[in-house]
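One structure is given here, and the rest of the page talks about it.
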Amino acid sequence: MNNDNPIKILFLASDPSDASRLRLGQELRDIQEKLQLAKHREKFVLEQRWNVRPGDISQAILDVEPHIVHFSGHGTNTGELCCEDEVGKLKPVKPEALAALFELVDKQVNCVILNACYSKIQAQAIAKHINYVIGMNQAIGDKAAIAFAVGFYKALGANHPIEKAFKFGCIEIRLHDIPEHLTPVIIEKKDIKNNPEPAKYILILSATIDELNKPLAEAIIAHLRQISGDTSLTLQKIEAGSVKLVLEGSQEGLQQILALFREGQLTEILGVPVQDLQVVSSTQTSASEILTVLRNQLLVTGSTQERILLRTSSRYPIYLASIQDEIELEKPKAQLKLSEGNFLQTVIDSIDDAMLILTEVGEVVSANTSAHRICAELNQGSSNLNFVPPVIWSVCQSLIDSQELFPDKTIIIESEINTENLGAFRIRVRWLTSEERTQPYLLVTIEDQHQSMQNDAVSAEVKMYRLTPREAEIWFLYRSGCSYKEIAARLYITMNTVKKHMKNIHFKRQSSLNPIQ
């Protein structure tokens with residue numbers, strides 16, 4: 001931008017009549033006030049457009065020739081911004097459409113701010129052409145959105161660069177005691193250019209390796225390319241068991257596939273049922289490193305490090321419950337044989353309770369089957385379409401907020417929730433730290449209270465029947481409702497082996513119930 005000319009800011013607002021109402025007027029008034037009171041107020045010109053329809057965006061950009069474009073309104077979980085149609089109803093605009101528009105004005109526009117829910121997907125698309133793009137990595141509340149705008153323009157008016165103004169915006173959210181300061185993200189074009197990191201994910205199908213021939217696999221990939229709009233999508237490999245397609249493509253394509261899966265629109269592909277979708281972490285941390293951290297911090301007992309257990313019974317307040325020398329967490333009930341390609345997920349899946357490993361912004365590094373099931377059920381009937389339900393993320397946020405209170409302690413946040421359909425759960429969140437990684441992970445365990453009681457009963461049966469470790473594994477899975485086929489897939493053994501062990505188990509059970517006199 002030319003420092004001799006004023007910086008033009010274009011404020012675009014859209015609040016469709018069939019969507020929840022937003023305080024966009026308050027946001028604009030606060031931005032105007034901060035710019036008018038700014039030390040360098042003469043450098044800024046603020047233009048505004050209301051009730052924006054898709055065609056109004058390009059017209060406003062052509063008329064105003066802005067350096068900064070600020071959109072305020074709704075966003076969908078698939079990254080679409082919500083404009084208005086001719087009668088004021090919601091009209092989504094796809095990420096690739098806006099990205100194409102901003103490509104035409106990349107020499108003029110320096111920064112785009114998308115103050116709308118789930119706009120990170122849109123921001124990633126636009127950042128291929130614009131120097132700085134700010135979006136939201138999940139849903140954001142009105143208060144947090146307004147606070148971010150206030151902090152951002154307050155700093156911009158004080159002649160701070162955009163990167164620093166972004167940080168002021170996040171700090172403003174924290175100053176208002178709103179636990180959403182990690183929701184805004186800034187993406188720079190140079191980072192997109194220098195790090196075109198592909199997205200990797202695993203599509204798990206309910207089929208055998210014999211059923212999935214080469215033509216069918218190629219047809220499935222072609223179908224995925226079509227529904228995601230991702231022409232770069234490629235099949236890296238196929239893993240046996242429940243067939244796993246290891247895929248690689250664009251981040252935008254992944255987000256589209258994720259959205260379809262979460263909304264229940266990707267239950268089958270060409271007649272093949274889709275069992276699950278797992279995202280391979282975009283972080284540089286290896287599976288072996290995470291496994292080492294898990295072993296050192298979760299599975300190994302006898303540590304003398306002082307730990308603090310915090311309990312939370314509402315959304316954000318934290319209550320100090322006790323200080324203990326040791327808190328013994330749940331451990332896998334089986335010894336595992338691990339291979340380099342799947343050992344982390346095998347460890348996670350072997351734990352009975354639901355388990356999630358998250359980054360500080362809520363991105364899923366790993367999750368077991370139980371976690372996928374519980375999160376999907378907790379998200380049903382909610383406007384939140386992120387993978388991590390709000391009731392779980394609020395406990396994670398409490399742990400994040402507690403860092404400054406207890407910087408030298410190992411913190412565990414615990415919360416109990418009751419649901420009408422699913423019953424009671426105990427949620428525990430703690431840090432997973434590593435010397436090789438500057439930012440720690442969040443380790444989330446979700447204990448189904450009813451299932452926990454059932455597991456205790458099964459544990460008693462294991463002792464009563466004097467089962468071997470392998471028999472105990474199989475009995476736990478059988479009592480939890482798994483079929484012989486599912487047990488075989490989970491334990492990487494054949495159906496015949498499962499049947500053999502079950503025959504022995506039933507014999508021991510019968511002998512225990514009817515001992516020979």
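Chain lettering (A, B, ...) mirrors the order of the structure tokens, residue numbering begins at 1 for each chain separately, and ligand numbering begins at 1 in order of display.
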inquiry  = Need to verify the contact set: Leu28 in chain A, 10 Å, only C-alpha atoms, exclusion of same-chain residues closer than 3 positions in sequence. Can you return it as a PyMOL selection string?
reply    = chain A and resi 11-13+23-25+31-33+46+48+72+146+149-150
request  = Per DSSP on the backbone, filter range 67-211 of chain A down to the residues in helix (DSSP H, G or I) and report them as a PyMOL selection string.
outcome  = chain A and resi 95-103+120-126+142-157+162-175+189-194
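Here the question is which of A:Ser370, A:Ser20, A:Asn496, A:Ser402 gets nearest to Glu447 in chain A using only C-alpha atoms, and that residue is A:Ser370.
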ask   = Restricting the calculation to only C-alpha atoms, which member of A:Val361, A:Ala123, A:Ala158, A:Val444 is positioned closest to Leu37 in chain A?
value = A:Ala158
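Separating CA of Glu268 in chain A from CA of Ala139 in chain A is a distance of 28.0 Å.
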inquiry  = Could you check the closest approach to Pro16 in chain A for each of A:Phe152, A:Phe44, A:Trp50, A:Phe476 and tell me which residue wins, using only C-alpha atoms?
reply    = A:Trp50
ask   = Which residue, A:Leu104, A:Leu224, A:Ile257, A:Leu205, has the smallest gap to Leu245 in chain A when you use only C-alpha atoms?
value = A:Leu205
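Rounded to one decimal, CA of Val133 in chain A and CA of His176 in chain A lie 23.8 Å from each other.
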note = Pairwise distance, CA of Tyr478 in chain A with CA of Ser512 in chain A, equals 18.5 Å
